[in-house]
Every structure is written in structure tokens, then in C-alpha cells.
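Structure first, commentary second.
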Amino acid sequence: YGTVSWSSKNTPIAPEVYPRAVFDRLFDTSGLLRDKSVLDAVLAQSKDMRRALASADRQKLDEFMHSVRDLETRIERAAKEERLEGWRPTLTKPDMERPPAELPQDVREHMRMMLDLLLLAWRMDKTRVATLIFNRDVSHMKFGFLDGVMNDQLHGISHHKDDPEKLKSYRLINRFHVEQFAYLLGKMKAIDEGQGTTLLDNVMLQFGSNMFNGDSHDGRNLPMVLAGRGGGTIAAGRVIDLAPQPEERQRACNLYLALARRMGVPIDRFGDSVEALPQLGEVEPLAV
């Protein structure tokens, strides 16, 4: 429970919930990585070592240190080169303030802040793949701040037993989550990436849940939203109904395999997939 990222089949990667920690990890506000050479961290040790070495070994050490610095310089120069091929980041530095250290107490503000950080990371090309969970599987969060929602924990509301009041609250909470996704899509659609495209045109965003019915823990018939056009590799604005298909052709991993291939990942299988979802169409993968 509580994560969708794993380093192995038995090792979950804990999610980061503090906006400031995400900001600092993405943008290195300490400046240690951005403003200094990797050699600075070992400079004093290398000087001591150099004094103890023979002349030939000192020359080898100097050559090694020079080669490292030369590589750093070339990387820095390449990053600043104006004649870039393909996609370019739309930002070179964060356009939002560093978040406060505390966890936001306003649920809406917390979610929007995390979405803004995700968007910022994409715009600056700090990452090209990200996951975000609005709520843990067994969530004790309360949504009484929403009009018409009972002041009870989400997990308890999801086990509604067909109680009308809980069902109403459940629908309103789900609608709130969908609205946060729509907020992200709207922000991405407003970002011009040139040649008549927006950031939304050039991404693939999958939105959904791990359960169709929280009351019975039913994970079948999951509705999913796939937003974005994947750089022109996906025809948007349609509904793909997989219910008539055999079970093995309904698997979510078929979709994930199709998305991975569009990102240029050379794999033939992902999880329990049997094929890349053919309904998305056979296209050339995105250049990376």
C-alpha cells in the first residue's frame, strides 16, 4: 500500500510527500552539485596524495584530474549549446518559490503544489517519467472541506455498503480527484512548445485507480484516462472499450507496454502483458 514505484518485486520506493523536499531534490537549492566541480570534494585529499607519489604517478594523477575536469567542461558547454536537436525545455530555472518546510495543512493546496512541482520538473527536463498518488490505498484523510462530504475517513467512506450518504461522499471525493487531474491538464495545455504544439500534446498521462469498487475491493473493469498525444503518436478524443476482449487483452500492462515503447524503451513485455495495446495504433516510438 502507498506506492506505485518499486526497485524490485519486493522493494517499494517510498513516496515523497513534502513539497520542499521534492523541490530541493529536483533543483538542488544547496548549489553543491550545480556550482562546484566533482573534484572539489576530493581536492584536499588529492593534494595530500600527490605529495606522497612518485613523479610518474603524480603525472598520472594530474592527467586523470584534468580529464575529469575536461569532461565536466564539455558537459556544461553541451548543455548551453544553442543548436539543440529535438525537444527543448521551456524553462531554465524554477518559476515558483521554494515551498515551506512544513507539510501543507490544506489538502487542496498540497495537491496543487505537488502537481505544480511535477509540471515544473517536466518543463525543465529534470525527469521525463513521474508518478503521483493523490491518496494512499488505505487513506485516513478526511474530505469534510468539500461541500456535501461527510466528515469521515476516506477508507471508511469507500466501504460504503451502499449507504446513500457514503455513496454521495464517495462520488464527490472522486470528482475532487478528477478535478486535480484536470487542473494539471489545463496547465500543460497552456504551455506553448512551438510548432503549434503544447506540452500536453507531447506527453502521455495515465489517470486511474487500482479499484473499481472500494467496498468489495473489486479491481476489474477499471476506467482509465489517457491524456496527451504522445508527440503525435496517439489519437485522442475517443473511448476504447476492452470489455468484449478476452481477459488477457484487457490487462493494464498491455497499455503500459504500449506507452513504454512510445518512449523508446526497447522491451517486449511488461508485467503480465501479452501485447502492446493495439488499439493505440502501431507507430514509430518517440525519439529520446
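Quick note on naming: the chains in the C-alpha cells go A, B, ... in the order shown, residues restart at 1 in each chain, and ligands are numbered from 1 in order of appearance.
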Skip stretch 134-145 of chain A itself and residues of its chain fewer than 2 positions away, then list as a ChimeraX atom specification all residues within 6 Å of it, counting only C-alpha atoms.
/A:1-2,149-155
File of the preceding selection, C-alpha atoms, as a compact mmCIF listing (two decimals), in the first residue's frame:
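Final output, again.txt:
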```txt
# COMPACT_ATOMS: atom_id res chain seq x y z
CA TYR A 1 0.00 0.00 0.00
CA GLY A 2 1.04 3.60 -0.55
CA VAL A 149 -19.00 15.28 2.01
CA MET A 150 -19.38 13.66 5.42
CA ASN A 151 -16.53 14.22 7.89
CA ASP A 152 -15.25 10.65 7.88
CA GLN A 153 -12.07 8.97 6.70
CA LEU A 154 -11.88 8.14 3.00
CA HIS A 155 -11.19 4.46 3.68
```
Using DSSP on the backbone, list every residue of stretch 148-279 of chain A that comes out as helix (DSSP H, G or I), and give them as a PyMOL selection string.
chain A and resi 154-158+164-189+200-202+230-232+247-249+252-262+278-279
Residues within 10 Å of A:Leu117, please, as a PyMOL selection string. Count only C-alpha atoms; anything in the same chain fewer than 3 positions from it doesn't count.
chain A and resi 19-20+22-23+26+94+96+99+111-114+120-123
Limited to N, CA and C atoms, could you put the picked residues into a file as a PDB file, in the first residue's frame?
```
ATOM      1  N   PRO A  19       6.551  18.955  -0.131  1.00  0.00           N
ATOM      2  CA  PRO A  19       6.870  19.747  -1.324  1.00  0.00           C
ATOM      3  C   PRO A  19       8.286  20.308  -1.319  1.00  0.00           C
ATOM      4  N   ARG A  20       8.766  20.774  -0.153  1.00  0.00           N
ATOM      5  CA  ARG A  20      10.112  21.345  -0.125  1.00  0.00           C
ATOM      6  C   ARG A  20      11.159  20.283  -0.443  1.00  0.00           C
ATOM      7  N   VAL A  22      10.822  17.689  -2.330  1.00  0.00           N
ATOM      8  CA  VAL A  22      10.771  17.456  -3.776  1.00  0.00           C
ATOM      9  C   VAL A  22      11.487  18.581  -4.516  1.00  0.00           C
ATOM     10  N   PHE A  23      11.206  19.806  -4.129  1.00  0.00           N
ATOM     11  CA  PHE A  23      11.822  20.972  -4.765  1.00  0.00           C
ATOM     12  C   PHE A  23      13.341  20.908  -4.638  1.00  0.00           C
ATOM     13  N   LEU A  26      14.916  18.123  -6.774  1.00  0.00           N
ATOM     14  CA  LEU A  26      14.861  18.408  -8.206  1.00  0.00           C
ATOM     15  C   LEU A  26      15.800  19.531  -8.616  1.00  0.00           C
ATOM     16  N   PRO A  94      13.623  27.360 -12.001  1.00  0.00           N
ATOM     17  CA  PRO A  94      12.273  27.280 -11.433  1.00  0.00           C
ATOM     18  C   PRO A  94      11.553  28.623 -11.484  1.00  0.00           C
ATOM     19  N   MET A  96       8.775  29.046  -9.617  1.00  0.00           N
ATOM     20  CA  MET A  96       7.961  29.058  -8.411  1.00  0.00           C
ATOM     21  C   MET A  96       8.879  29.148  -7.203  1.00  0.00           C
ATOM     22  N   PRO A  99       9.004  25.862  -1.616  1.00  0.00           N
ATOM     23  CA  PRO A  99       7.892  25.671  -0.677  1.00  0.00           C
ATOM     24  C   PRO A  99       8.363  25.730   0.770  1.00  0.00           C
ATOM     25  N   MET A 111      -2.093  19.239  -2.826  1.00  0.00           N
ATOM     26  CA  MET A 111      -2.169  18.537  -4.108  1.00  0.00           C
ATOM     27  C   MET A 111      -1.737  19.433  -5.258  1.00  0.00           C
ATOM     28  N   ARG A 112      -2.198  20.672  -5.254  1.00  0.00           N
ATOM     29  CA  ARG A 112      -1.835  21.589  -6.335  1.00  0.00           C
ATOM     30  C   ARG A 112      -0.334  21.868  -6.331  1.00  0.00           C
ATOM     31  N   MET A 113       0.249  21.978  -5.139  1.00  0.00           N
ATOM     32  CA  MET A 113       1.681  22.246  -5.051  1.00  0.00           C
ATOM     33  C   MET A 113       2.491  21.082  -5.623  1.00  0.00           C
ATOM     34  N   MET A 114       2.077  19.858  -5.316  1.00  0.00           N
ATOM     35  CA  MET A 114       2.788  18.697  -5.848  1.00  0.00           C
ATOM     36  C   MET A 114       2.627  18.603  -7.365  1.00  0.00           C
ATOM     37  N   LEU A 120       6.739  21.503 -13.226  1.00  0.00           N
ATOM     38  CA  LEU A 120       7.998  22.236 -13.312  1.00  0.00           C
ATOM     39  C   LEU A 120       9.153  21.299 -13.676  1.00  0.00           C
ATOM     40  N   ALA A 121       9.156  20.111 -13.089  1.00  0.00           N
ATOM     41  CA  ALA A 121      10.214  19.142 -13.392  1.00  0.00           C
ATOM     42  C   ALA A 121      10.193  18.748 -14.860  1.00  0.00           C
ATOM     43  N   TRP A 122       9.015  18.596 -15.420  1.00  0.00           N
ATOM     44  CA  TRP A 122       8.914  18.265 -16.844  1.00  0.00           C
ATOM     45  C   TRP A 122       9.362  19.427 -17.715  1.00  0.00           C
ATOM     46  N   ARG A 123       8.949  20.622 -17.349  1.00  0.00           N
ATOM     47  CA  ARG A 123       9.299  21.789 -18.168  1.00  0.00           C
ATOM     48  C   ARG A 123      10.801  22.017 -18.208  1.00  0.00           C
TER      49      ARG A 123
END
```
When DSSP works through the backbone of this structure, what residues of stretch 100-282 of chain A end up as strand (DSSP E or B), shown as a PyMOL selection string?
chain A and resi 142+153+192+198+205-207+213+218+225-227
Based on the selection just made, write C-alpha atoms of those residues as a PDB file, in the first residue's frame.
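Written out: out.pdb:
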```pdb
ATOM      1  CA  LYS A 142     -10.923  13.413   5.696  1.00  0.00           C
ATOM      2  CA  GLN A 153     -12.071   8.965   6.704  1.00  0.00           C
ATOM      3  CA  ASP A 192       3.467  26.525 -25.798  1.00  0.00           C
ATOM      4  CA  THR A 198       1.644  22.420 -26.314  1.00  0.00           C
ATOM      5  CA  LEU A 205      -0.615  10.947 -18.798  1.00  0.00           C
ATOM      6  CA  GLN A 206      -2.445   7.930 -17.424  1.00  0.00           C
ATOM      7  CA  PHE A 207      -5.003   8.596 -14.677  1.00  0.00           C
ATOM      8  CA  ASN A 213     -15.312  -0.667  -6.236  1.00  0.00           C
ATOM      9  CA  ASP A 218     -13.034  -5.175  -6.963  1.00  0.00           C
ATOM     10  CA  VAL A 225      -7.989   8.167 -18.750  1.00  0.00           C
ATOM     11  CA  LEU A 226      -5.064   8.523 -21.142  1.00  0.00           C
ATOM     12  CA  ALA A 227      -4.407  12.206 -21.802  1.00  0.00           C
TER      13      ALA A 227
END
```
Work out how far apart atom CA of A:Pro104 and atom CA of A:Thr3 are and give it in Å to one decimal.
20.1 Å
